[in-house]
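Trainee: This is query-v8.cif (mmCIF, C-alpha atoms).
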data_my_file
#
loop_
_atom_site.label_atom_id
_atom_site.label_comp_id
_atom_site.auth_asym_id
_atom_site.auth_seq_id
_atom_site.Cartn_x
_atom_site.Cartn_y
_atom_site.Cartn_z
CA MET A 1 93.41 72.58 110.67
CA SER A 2 96.26 72.01 108.21
CA SER A 3 98.11 74.71 106.29
CA VAL A 4 100.52 74.75 103.36
CA LEU A 5 102.54 77.86 102.53
CA TYR A 6 103.84 78.23 98.98
CA HIS A 7 106.74 80.63 99.27
CA PHE A 8 110.08 81.74 97.89
CA ALA A 9 112.65 82.26 100.63
CA PHE A 10 114.04 85.49 99.14
CA ASP A 11 110.71 87.15 98.34
CA PRO A 12 109.89 89.89 100.87
CA GLY A 13 106.14 89.11 100.87
CA SER A 14 106.84 85.42 101.49
CA ARG A 15 109.09 86.32 104.43
CA ALA A 16 106.45 88.63 105.90
CA ALA A 17 103.95 85.75 105.74
CA ARG A 18 106.36 83.31 107.43
CA LEU A 19 107.11 85.82 110.20
CA ALA A 20 103.42 86.54 110.82
CA LEU A 21 102.50 82.83 110.84
CA GLY A 22 105.36 82.26 113.27
CA GLU A 23 104.18 85.05 115.57
CA ALA A 24 100.64 83.59 115.44
CA LYS A 25 102.03 80.11 116.20
CA VAL A 26 100.16 78.68 113.22
CA ALA A 27 101.96 75.51 112.16
CA PHE A 28 102.36 75.13 108.41
CA GLU A 29 103.97 72.86 105.87
CA GLU A 30 106.32 74.60 103.46
CA THR A 31 106.29 74.26 99.69
CA PRO A 32 109.21 76.30 98.36
CA VAL A 33 108.50 77.57 94.84
CA ARG A 34 110.48 79.22 92.05
CA PRO A 35 107.89 81.66 90.63
CA TRP A 36 109.87 82.40 87.45
CA GLU A 37 109.68 78.76 86.29
CA ASP A 38 106.87 77.63 83.97
CA SER A 39 106.09 74.63 86.15
CA CYS A 40 105.61 76.71 89.32
CA PRO A 41 102.50 75.40 91.14
CA ILE A 42 101.55 78.96 92.15
CA ALA A 43 100.40 79.65 88.57
CA GLY A 44 97.29 77.58 89.28
CA LEU A 45 96.59 79.18 92.66
CA ASN A 46 97.23 82.92 92.36
CA PRO A 47 96.37 84.80 89.13
CA SER A 48 99.40 87.06 89.71
CA GLY A 49 101.61 83.96 89.70
CA MET A 50 103.38 85.27 92.79
CA PRO A 51 104.05 83.87 96.25
CA PRO A 52 103.09 83.78 99.02
CA VAL A 53 99.94 81.65 98.87
CA LEU A 54 98.62 79.94 102.02
CA GLN A 55 96.15 77.09 101.72
CA VAL A 56 94.26 76.38 104.92
CA THR A 57 92.06 73.31 105.25
CA GLU A 58 89.65 73.32 108.15
CA THR A 59 86.51 71.20 108.66
CA GLY A 60 86.67 69.99 105.07
CA ARG A 61 86.87 73.43 103.48
CA THR A 62 90.01 74.82 101.83
CA LEU A 63 90.69 78.52 101.94
CA THR A 64 93.25 79.88 99.44
CA LEU A 65 94.91 83.06 100.67
CA CYS A 66 96.87 84.86 97.92
CA GLU A 67 99.27 87.74 98.58
CA PRO A 68 100.60 88.92 101.98
CA ALA A 69 97.57 91.17 102.59
CA ALA A 70 95.21 88.18 102.54
CA ILE A 71 97.45 86.10 104.84
CA LEU A 72 98.12 88.89 107.34
CA GLY A 73 94.46 89.93 107.18
CA TRP A 74 93.28 86.37 107.86
CA LEU A 75 95.61 86.09 110.87
CA GLU A 76 94.15 89.34 112.21
CA ASP A 77 90.56 88.21 111.56
CA ARG A 78 90.97 84.92 113.43
CA SER A 79 92.58 86.51 116.47
CA ALA A 80 90.25 87.37 119.37
CA ALA A 81 92.36 90.40 120.37
CA PRO A 82 94.24 92.89 118.14
CA PHE A 83 97.29 90.95 116.96
CA LEU A 84 99.59 92.64 114.45
CA LEU A 85 97.31 95.65 114.00
CA PRO A 86 97.55 97.66 117.23
CA ALA A 87 94.35 98.51 119.13
CA ASP A 88 95.04 102.26 119.07
CA ALA A 89 93.52 103.98 116.00
CA ALA A 90 96.57 106.19 115.35
CA GLU A 91 98.94 103.23 115.56
CA ARG A 92 96.69 101.19 113.25
CA ALA A 93 96.81 104.04 110.72
CA GLU A 94 100.59 104.30 111.05
CA THR A 95 100.93 100.52 110.58
CA ARG A 96 98.86 100.64 107.40
CA ARG A 97 100.80 103.68 106.11
CA LEU A 98 104.10 101.88 106.63
CA VAL A 99 102.92 98.63 105.02
CA THR A 100 101.89 100.69 101.97
CA TRP A 101 105.29 102.40 102.07
CA PHE A 102 107.08 99.05 101.82
CA ASP A 103 104.67 97.68 99.19
CA ARG A 104 105.19 100.66 96.92
CA ARG A 105 108.08 102.99 97.70
CA PHE A 106 110.58 100.57 99.17
CA THR A 107 109.77 97.90 96.57
CA ASP A 108 110.08 100.32 93.66
CA GLU A 109 113.06 102.37 94.84
CA VAL A 110 115.20 99.78 96.65
CA ASP A 111 114.16 96.16 95.97
CA ALA A 112 113.52 96.67 92.25
CA VAL A 113 117.09 97.98 91.92
CA LEU A 114 119.25 96.21 94.52
CA LEU A 115 117.47 92.84 94.61
CA HIS A 116 117.29 92.89 90.84
CA GLU A 117 121.05 93.38 90.57
CA ARG A 118 122.08 91.06 93.40
CA MET A 119 119.42 88.34 93.18
CA GLU A 120 117.34 88.26 89.99
CA LYS A 121 120.29 88.70 87.66
CA PRO A 122 122.15 85.58 88.88
CA LEU A 123 118.88 83.60 89.19
CA LEU A 124 117.73 84.42 85.67
CA ARG A 125 121.25 84.56 84.20
CA LEU A 126 120.90 88.18 83.16
CA GLY A 127 124.59 88.98 83.46
CA PRO A 128 126.69 90.71 86.12
CA PRO A 129 125.35 93.55 88.32
CA GLU A 130 125.86 97.08 87.04
CA ALA A 131 127.90 99.42 89.23
CA ARG A 132 125.71 102.43 88.46
CA ALA A 133 122.50 100.62 89.38
CA LEU A 134 124.07 99.32 92.60
CA ARG A 135 125.12 102.86 93.56
CA ALA A 136 121.64 104.24 92.87
CA GLY A 137 119.96 101.43 94.84
CA ARG A 138 122.33 101.88 97.78
CA GLU A 139 121.71 105.62 97.85
CA ALA A 140 117.94 105.01 97.85
CA LEU A 141 118.34 102.43 100.62
CA ARG A 142 120.27 104.94 102.77
CA ALA A 143 117.45 107.49 102.42
CA HIS A 144 114.89 104.89 103.52
CA LEU A 145 117.03 103.64 106.43
CA SER A 146 117.51 107.19 107.63
CA GLN A 147 113.71 107.59 107.85
CA PHE A 148 113.26 104.28 109.68
CA GLU A 149 116.09 105.25 112.07
CA SER A 150 114.18 108.41 113.07
CA LEU A 151 111.02 106.39 113.63
CA VAL A 152 112.51 103.68 115.86
CA ALA A 153 114.66 106.22 117.72
CA GLU A 154 111.49 107.61 119.31
CA ARG A 155 109.26 104.53 119.39
CA ASP A 156 109.47 100.99 120.77
CA TRP A 157 108.52 99.53 117.40
CA LEU A 158 108.21 100.91 113.88
CA SER A 159 104.58 102.02 114.14
CA GLY A 160 104.41 102.69 117.90
CA ARG A 161 104.32 100.89 121.22
CA ARG A 162 103.37 97.45 119.87
CA LEU A 163 104.95 94.99 117.48
CA SER A 164 102.89 95.29 114.30
CA GLN A 165 102.60 94.21 110.67
CA ALA A 166 104.91 97.14 109.86
CA ASP A 167 107.80 95.59 111.81
CA LEU A 168 107.41 92.19 110.16
CA VAL A 169 107.08 93.65 106.67
CA ALA A 170 110.10 95.92 107.24
CA ALA A 171 112.15 93.03 108.64
CA ALA A 172 111.14 90.85 105.68
CA HIS A 173 112.59 93.37 103.23
CA LEU A 174 115.65 94.34 105.27
CA SER A 175 116.60 90.74 106.12
CA ILE A 176 116.96 89.90 102.43
CA LEU A 177 119.14 92.95 101.83
CA ASP A 178 121.11 91.98 104.96
CA TYR A 179 121.74 88.51 103.55
CA PHE A 180 123.51 90.20 100.64
CA GLY A 181 125.42 92.48 103.02
CA GLU A 182 123.63 95.63 101.85
CA VAL A 183 122.65 97.04 105.28
CA ALA A 184 125.39 99.00 107.09
CA TRP A 185 123.84 98.50 110.54
CA ALA A 186 126.63 100.40 112.32
CA ASN A 187 125.32 103.63 110.76
CA TRP A 188 121.83 103.15 112.18
CA PRO A 189 122.11 102.36 115.91
CA ALA A 190 118.40 102.58 116.81
CA LEU A 191 117.44 100.49 113.79
CA LYS A 192 120.10 97.95 114.70
CA THR A 193 118.63 97.59 118.20
CA TRP A 194 115.15 97.22 116.67
CA TYR A 195 116.44 94.54 114.26
CA MET A 196 118.24 92.67 117.06
CA LYS A 197 114.97 92.50 119.03
CA LEU A 198 113.16 91.12 115.99
CA LYS A 199 115.91 88.70 115.05
CA SER A 200 115.82 87.14 118.52
CA ARG A 201 112.15 86.22 118.21
CA PRO A 202 111.41 82.53 117.51
CA CYS A 203 109.50 83.46 114.32
CA PHE A 204 112.77 84.70 112.81
CA ARG A 205 114.79 81.52 113.29
CA PRO A 206 113.68 79.68 110.09
CA LEU A 207 114.62 82.71 107.96
CA LEU A 208 118.15 82.75 109.35
CA ALA A 209 118.67 79.22 107.98
CA ASP A 210 117.75 80.25 104.40
CA ARG A 211 120.57 80.05 101.89
CA PHE A 212 120.73 81.57 98.42
CA PRO A 213 122.35 79.31 95.80
CA GLY A 214 125.89 80.44 95.05
CA VAL A 215 125.89 83.40 97.47
CA PRO A 216 126.92 82.81 101.08
CA ALA A 217 125.08 84.88 103.72
CA SER A 218 126.83 88.04 104.91
CA GLY A 219 128.81 87.60 108.13
CA GLN A 220 126.18 89.07 110.45
CA TYR A 221 123.12 87.55 108.73
CA ALA A 222 122.45 84.71 111.15
CA ASP A 223 124.29 86.27 114.10
CA LEU A 224 121.97 87.41 116.90
CA ASP A 225 124.71 89.63 118.42
CA PHE A 226 125.91 91.32 115.24
CA MET B 1 83.34 114.65 114.24
CA SER B 2 84.81 116.72 111.40
CA SER B 3 86.87 115.36 108.51
CA VAL B 4 89.04 116.91 105.83
CA LEU B 5 90.17 114.88 102.82
CA TYR B 6 93.29 116.02 100.97
CA HIS B 7 92.95 114.51 97.52
CA PHE B 8 93.75 114.82 93.84
CA ALA B 9 90.70 114.14 91.66
CA PHE B 10 92.62 112.05 89.11
CA ASP B 11 94.58 109.92 91.57
CA PRO B 12 93.12 106.38 91.84
CA GLY B 13 93.81 106.12 95.58
CA SER B 14 92.11 109.46 96.20
CA ARG B 15 89.07 108.30 94.25
CA ALA B 16 88.90 105.03 96.19
CA ALA B 17 88.90 107.04 99.43
CA ARG B 18 86.11 109.35 98.21
CA LEU B 19 83.99 106.38 97.10
CA ALA B 20 84.47 104.54 100.41
CA LEU B 21 83.71 107.67 102.47
CA GLY B 22 80.60 108.17 100.35
CA GLU B 23 79.46 104.57 100.89
CA ALA B 24 80.03 105.02 104.63
CA LYS B 25 78.07 108.30 104.56
CA VAL B 26 80.94 110.06 106.34
CA ALA B 27 80.68 113.77 105.53
CA PHE B 28 84.01 115.41 104.71
CA GLU B 29 85.41 118.72 103.57
CA GLU B 30 87.56 118.53 100.47
CA THR B 31 90.99 120.06 100.06
CA PRO B 32 92.08 119.39 96.48
CA VAL B 33 95.89 119.16 96.21
CA ARG B 34 98.46 119.07 93.41
CA PRO B 35 101.03 116.62 94.83
CA TRP B 36 103.72 117.50 92.28
CA GLU B 37 103.90 121.14 93.46
CA ASP B 38 106.43 122.19 96.10
CA SER B 39 103.80 124.01 98.11
CA CYS B 40 101.49 120.97 98.37
CA PRO B 41 100.18 120.76 101.97
CA ILE B 42 100.40 116.94 101.86
CA ALA B 43 104.20 117.18 102.19
CA GLY B 44 103.74 118.01 105.87
CA LEU B 45 101.16 115.27 106.51
CA ASN B 46 102.27 112.15 104.67
CA PRO B 47 105.98 111.24 104.37
CA SER B 48 105.31 109.78 100.91
CA GLY B 49 103.98 113.20 99.82
CA MET B 50 101.03 111.47 98.21
CA PRO B 51 97.26 111.82 98.55
CA PRO B 52 94.87 110.75 99.89
CA VAL B 53 95.18 111.92 103.49
CA LEU B 54 92.11 112.12 105.73
CA GLN B 55 92.23 114.16 108.93
CA VAL B 56 89.50 113.28 111.38
CA THR B 57 88.91 115.38 114.48
CA GLU B 58 86.77 113.81 117.16
CA THR B 59 86.47 114.71 120.87
CA GLY B 60 89.48 117.02 120.58
CA ARG B 61 91.83 114.46 119.04
CA THR B 62 92.99 114.57 115.42
CA LEU B 63 93.71 111.35 113.60
CA THR B 64 95.78 111.59 110.40
CA LEU B 65 95.07 108.72 108.00
CA CYS B 66 97.65 108.49 105.19
CA GLU B 67 97.21 106.28 102.11
CA PRO B 68 94.04 104.48 100.98
CA ALA B 69 94.76 101.43 103.19
CA ALA B 70 94.58 103.56 106.35
CA ILE B 71 91.37 105.31 105.25
CA LEU B 72 89.59 102.14 104.10
CA GLY B 73 90.88 100.28 107.15
CA TRP B 74 89.59 102.99 109.52
CA LEU B 75 86.15 102.89 107.87
CA GLU B 76 86.10 99.12 108.38
CA ASP B 77 87.26 99.40 112.00
CA ARG B 78 84.55 101.92 112.94
CA SER B 79 81.74 99.91 111.38
CA ALA B 80 79.81 97.59 113.70
CA ALA B 81 79.16 95.04 110.91
CA PRO B 82 81.45 94.01 108.02
CA PHE B 83 81.33 96.96 105.63
CA LEU B 84 83.58 96.82 102.56
CA LEU B 85 85.33 93.63 103.66
CA PRO B 86 82.77 90.82 103.25
CA ALA B 87 81.97 88.60 106.25
CA ASP B 88 82.86 85.39 104.39
CA ALA B 89 86.55 84.42 104.81
CA ALA B 90 87.01 83.41 101.15
CA GLU B 91 85.47 86.66 99.92
CA ARG B 92 87.64 88.66 102.34
CA ALA B 93 90.72 86.92 100.94
CA GLU B 94 89.58 87.57 97.37
CA THR B 95 88.95 91.25 98.20
CA ARG B 96 92.45 91.61 99.64
CA ARG B 97 93.99 89.78 96.67
CA LEU B 98 92.26 92.12 94.22
CA VAL B 99 93.18 95.28 96.13
CA THR B 100 96.83 94.12 95.99
CA TRP B 101 96.39 93.42 92.27
CA PHE B 102 95.32 97.02 91.63
CA ASP B 103 97.96 98.47 93.93
CA ARG B 104 100.77 96.64 92.17
CA ARG B 105 99.97 95.03 88.82
CA PHE B 106 97.35 97.41 87.47
CA THR B 107 99.27 100.45 88.72
CA ASP B 108 102.57 99.27 87.21
CA GLU B 109 101.29 97.81 83.95
CA VAL B 110 98.41 100.15 83.06
CA ASP B 111 98.36 103.40 85.09
CA ALA B 112 102.11 103.95 84.96
CA VAL B 113 101.92 103.81 81.16
CA LEU B 114 98.50 105.15 80.11
CA LEU B 115 97.96 107.72 82.86
CA HIS B 116 101.55 108.84 82.45
CA GLU B 117 101.03 109.47 78.73
CA ARG B 118 97.51 110.95 78.94
CA MET B 119 97.64 112.78 82.27
CA GLU B 120 101.08 113.33 83.77
CA LYS B 121 102.70 114.47 80.53
CA PRO B 122 100.28 117.38 79.97
CA LEU B 123 100.26 118.23 83.72
CA LEU B 124 104.05 118.33 84.00
CA ARG B 125 104.61 119.62 80.43
CA LEU B 126 106.62 116.55 79.45
CA GLY B 127 105.67 116.70 75.76
CA PRO B 128 103.12 114.82 73.66
CA PRO B 129 102.14 111.18 74.31
CA GLU B 130 104.15 108.51 72.50
CA ALA B 131 102.22 106.22 70.18
CA ARG B 132 104.24 103.15 71.12
CA ALA B 133 103.69 103.64 74.85
CA LEU B 134 99.96 104.22 74.29
CA ARG B 135 99.71 100.97 72.30
CA ALA B 136 101.57 99.01 75.01
CA GLY B 137 99.41 100.49 77.77
CA ARG B 138 96.20 99.77 75.87
CA GLU B 139 97.25 96.18 75.24
CA ALA B 140 98.00 95.73 78.96
CA LEU B 141 94.64 97.29 79.83
CA ARG B 142 92.82 94.83 77.54
CA ALA B 143 94.48 91.88 79.29
CA HIS B 144 93.38 93.21 82.68
CA LEU B 145 89.84 93.98 81.52
CA SER B 146 89.51 90.49 80.10
CA GLN B 147 90.31 89.06 83.55
CA PHE B 148 87.84 91.36 85.31
CA GLU B 149 85.20 90.46 82.70
CA SER B 150 85.55 86.75 83.61
CA LEU B 151 85.24 87.57 87.31
CA VAL B 152 82.09 89.72 87.11
CA ALA B 153 80.49 87.38 84.55
CA GLU B 154 80.12 84.78 87.30
CA ARG B 155 79.78 86.96 90.39
CA ASP B 156 77.52 89.79 91.53
CA TRP B 157 80.51 91.96 92.42
CA LEU B 158 84.24 91.74 91.73
CA SER B 159 85.13 89.68 94.81
CA GLY B 160 81.84 87.83 95.31
CA ARG B 161 78.28 88.41 96.45
CA ARG B 162 78.86 91.69 98.25
CA LEU B 163 80.09 95.12 97.22
CA SER B 164 83.64 95.33 98.59
CA GLN B 165 86.81 97.41 98.68
CA ALA B 166 87.80 95.61 95.46
CA ASP B 167 84.87 97.14 93.54
CA LEU B 168 85.61 100.66 94.76
CA VAL B 169 89.35 100.37 94.09
CA ALA B 170 88.69 98.92 90.61
CA ALA B 171 86.15 101.64 89.83
CA ALA B 172 88.58 104.30 91.05
CA HIS B 173 91.20 103.19 88.51
CA LEU B 174 88.81 102.46 85.65
CA SER B 175 86.84 105.70 86.03
CA ILE B 176 89.99 107.76 85.43
CA LEU B 177 90.83 105.75 82.32
CA ASP B 178 87.19 106.13 81.25
CA TYR B 179 87.45 109.92 81.59
CA PHE B 180 90.19 109.77 78.94
CA GLY B 181 88.10 107.44 76.77
CA GLU B 182 90.45 104.47 77.25
CA VAL B 183 87.84 101.84 78.22
CA ALA B 184 86.00 100.19 75.28
CA TRP B 185 83.01 99.13 77.41
CA ALA B 186 81.18 97.56 74.45
CA ASN B 187 83.80 94.78 74.40
CA TRP B 188 83.18 93.85 78.03
CA PRO B 189 79.43 93.44 78.57
CA ALA B 190 79.51 91.98 82.10
CA LEU B 191 82.03 94.58 83.23
CA LYS B 192 79.87 97.31 81.69
CA THR B 193 76.85 96.13 83.71
CA TRP B 194 79.02 96.05 86.84
CA TYR B 195 80.25 99.59 86.16
CA MET B 196 76.71 100.87 85.49
CA LYS B 197 75.62 99.52 88.87
CA LEU B 198 78.53 101.28 90.59
CA LYS B 199 78.13 104.50 88.65
CA SER B 200 74.49 104.78 89.75
CA ARG B 201 75.41 104.76 93.44
CA PRO B 202 75.29 108.14 95.22
CA CYS B 203 78.97 107.81 96.23
CA PHE B 204 79.92 108.04 92.55
CA ARG B 205 78.16 111.32 91.76
CA PRO B 206 80.94 113.71 92.93
CA LEU B 207 83.51 111.90 90.74
CA LEU B 208 81.37 112.34 87.64
CA ALA B 209 81.59 116.12 88.10
CA ASP B 210 85.44 116.11 88.09
CA ARG B 211 87.07 117.86 85.15
CA PHE B 212 90.68 117.61 84.01
CA PRO B 213 92.15 120.95 82.81
CA GLY B 214 92.30 121.10 79.03
CA VAL B 215 90.80 117.63 78.45
CA PRO B 216 87.02 117.26 78.20
CA ALA B 217 85.54 114.05 79.64
CA SER B 218 84.83 111.24 77.18
CA GLY B 219 81.23 111.14 75.93
CA GLN B 220 80.07 108.36 78.26
CA TYR B 221 82.02 109.49 81.35
CA ALA B 222 79.16 111.12 83.23
CA ASP B 223 76.37 109.24 81.45
CA LEU B 224 74.63 106.66 83.67
CA ASP B 225 73.11 104.90 80.61
CA PHE B 226 76.25 104.69 78.48
#
Go ahead and express the file in the form of structure tokens.
Mentor:
Amino acid sequence: MSSVLYHFAFDPGSRAARLALGEAKVAFEETPVRPWEDSCPIAGLNPSGMPPVLQVTETGRTLTLCEPAAILGWLEDRSAAPFLLPADAAERAETRRLVTWFDRRFTDEVDAVLLHERMEKPLLRLGPPEARALRAGREALRAHLSQFESLVAERDWLSGRRLSQADLVAAAHLSILDYFGEVAWANWPALKTWYMKLKSRPCFRPLLADRFPGVPASGQYADLDF
Amino acid sequence: MSSVLYHFAFDPGSRAARLALGEAKVAFEETPVRPWEDSCPIAGLNPSGMPPVLQVTETGRTLTLCEPAAILGWLEDRSAAPFLLPADAAERAETRRLVTWFDRRFTDEVDAVLLHERMEKPLLRLGPPEARALRAGREALRAHLSQFESLVAERDWLSGRRLSQADLVAAAHLSILDYFGEVAWANWPALKTWYMKLKSRPCFRPLLADRFPGVPASGQYADLDF
């Protein structure tokens, strides 16, 4: 079996795919893409034009997996035992609720504001960040972090007793915000412990080496004992 | 086993849940909710405050399934054979890609414009629809319908040879737009045939009886031979 992942290092869905492939110990070649460029090879693979896309070739057949749901779903399907969807029905439901939460609420209320100001604007040369937007995005982020803090304060992992898709998806989003120094970990002690546990896993190591052009990583980004 | 579905009849996710429960022949009580009201019972069940939520009580244990992903996922998990996720790996990937497409692209580009103008504005007394927004939403809808037309022109169902989650999620969104007369079916012959097949299924019947306060259904909405 050979696999190629088309991804953008600062796209939350791409990071979730890399983390899940790492947890599954599926080796893959990386093709970094810049989805906003006309020549991006993803345009011919995924109708949405967005990473991640995983192409898996096995016994002469190529499977094209577009979007994180298809990649995470495929990893679950090929695993003999429950993998990143816990066996317990309530924890499975909670995992799926949280993945939806990140796909919709967190993306719309936090990423679309803070990552737009800090990341898309310099990439697409849209001018400097706006103070008002940054304040609104940071306030929204605090409200989300406060909810996650309550969850991990009473659970081992975000959706229950087992590492799940919810943890990887959450870490994918938060790690990008952390690169830009947007997560005040000291205010969220349980969440910080949860993130330290995740960050120490081998699947996380490649992400900690990512660098954004022109913006150095925040001090604690690659530090396992932050 | 007893089940209660908290849903709003003109919410696409709620409709997808009703269609999937109908296909699975899972009997459920209905609790219609108005998620924008302070007293909405969903506030205490789903942190996002949004329908659908399915509560299933079985052998003394109550399972709370929040968001369509948890409900559709649970139906898949409890089925002995592949149900609304096809057995074939490529069709499973295509199903998951299309569900993501509706959750993000269709919701952001079409629903957030057209359903806002036609549905949310009268519900929340936000004033009359704006002609410019309606034109933009209708243009976006045409671009999406044109893509779906190409897919169903060469396939039996939206993601391949089997009815899947993608068909039910697509029909959930399109049926609401059809209620408001926004889908020019005559322009999309393959899609019209696909929709007629879906509309004739028993799971669809309850949706065709839904009525929006103050807006009569479009002429073809409940007509199986439109």
Trainee: Using only C-alpha atoms, determine which residues lie at most 9 Å from range 186-194 of chain A, disregarding the query and same-chain residues fewer than 3 positions distant; provide the list as a PyMOL selection string.
Mentor: chain A and resi 145-146+148-154+156-158+167+183+197-199+226
Trainee: List the spatial neighbours of range 57-73 of chain B as a list in words - criterion: any atom at most 6 Å away, only C-alpha atoms, same-chain residues fewer than 5 positions off excluded.
Mentor: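 My list of contacting residues is Ala93, Arg96 and Arg97 of chain A; Met1, Ser2, Gly13, Ala17, Asn46 and Pro52 of chain B.
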Trainee: Using all atoms listed in the file, find the one residue out of A:Arg125, A:Arg92, A:His173, A:Arg34 that sits nearest to chain B.
Mentor: A:Arg92
Trainee: For a quick check of understanding, using only C-alpha atoms, which of A:Pro82, A:Pro35, A:Arg18, A:Cys40 has the smallest distance to Leu163 in chain A?
Mentor: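 For Leu163 in chain A, the nearest of the given residues is A:Pro82.
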Trainee: Check which residues satisfy the PyMOL selection byres ((chain B and resi 128-135) around 12) in the file shown, then give them as an MDAnalysis selection string.
Mentor: chainID B and resid 109:127 136:142 182
Trainee: Given the choices A:Ala166, A:Val33, A:Leu98, A:Ala209, which gets closest to Pro47 in chain B if the distance is worked out from only C-alpha atoms?
Mentor: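 Of A:Ala166, A:Val33, A:Leu98, A:Ala209, the one nearest Pro47 in chain B, counting only C-alpha atoms, is A:Leu98.
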Trainee: Which residue gives the smallest distance to chain A among B:Leu207, B:Met196, B:Leu174, B:Ala89, with only C-alpha atoms counted?
Mentor: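 Checking each of B:Leu207, B:Met196, B:Leu174, B:Ala89 against chain A, counting only C-alpha atoms, the winner is B:Ala89.
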Trainee: Could you tell me which of A:Leu19, A:Ser14, A:Gln220, A:Asp77 comes closest to Ala184 in chain A if we count all atoms listed in the file?
Mentor: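 Checking each candidate against Ala184 in chain A, we get A:Gln220 as the closest.
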Trainee: Of the candidates A:Ala217, A:Ala27, A:Pro41, A:Arg205, which one gets nearest to Ile176 in chain A if we count only C-alpha atoms?
Mentor: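 Looking at the shortest contact to Ile176 in chain A, the residue is A:Ala217.
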Trainee: Because some atoms of range 36-47 of chain A are absent here, can you restore N, CA and C atoms and send them as a CSV table (one decimal), in the frame of the given file?
Mentor:
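Listed below is the output, selection_11.csv:
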chain,number,residue,atom,x,y,z
A,36,TRP,N,109.5,82.1,88.8
A,36,TRP,CA,109.9,82.4,87.4
A,36,TRP,C,109.9,81.2,86.6
A,37,GLU,N,109.7,80.0,87.1
A,37,GLU,CA,109.7,78.8,86.3
A,37,GLU,C,108.3,78.4,85.8
A,38,ASP,N,108.2,77.9,84.6
A,38,ASP,CA,106.9,77.6,84.0
A,38,ASP,C,106.1,76.6,84.8
A,39,SER,N,106.8,75.7,85.4
A,39,SER,CA,106.1,74.6,86.2
A,39,SER,C,105.7,75.0,87.6
A,40,CYS,N,105.9,76.3,87.9
A,40,CYS,CA,105.6,76.7,89.3
A,40,CYS,C,104.1,76.5,89.7
A,41,PRO,N,103.9,75.7,90.8
A,41,PRO,CA,102.5,75.4,91.1
A,41,PRO,C,101.7,76.6,91.5
A,42,ILE,N,102.3,77.8,91.8
A,42,ILE,CA,101.6,79.0,92.2
A,42,ILE,C,100.7,79.5,91.0
A,43,ALA,N,101.1,79.2,89.8
A,43,ALA,CA,100.4,79.6,88.6
A,43,ALA,C,98.9,79.2,88.6
A,44,GLY,N,98.7,78.1,89.2
A,44,GLY,CA,97.3,77.6,89.3
A,44,GLY,C,96.5,78.1,90.5
A,45,LEU,N,97.2,78.8,91.4
A,45,LEU,CA,96.6,79.2,92.7
A,45,LEU,C,96.3,80.7,92.7
A,46,ASN,N,97.3,81.5,92.3
A,46,ASN,CA,97.2,82.9,92.4
A,46,ASN,C,97.3,83.5,91.0
A,47,PRO,N,96.3,84.2,90.5
A,47,PRO,CA,96.4,84.8,89.1
A,47,PRO,C,97.6,85.7,88.9
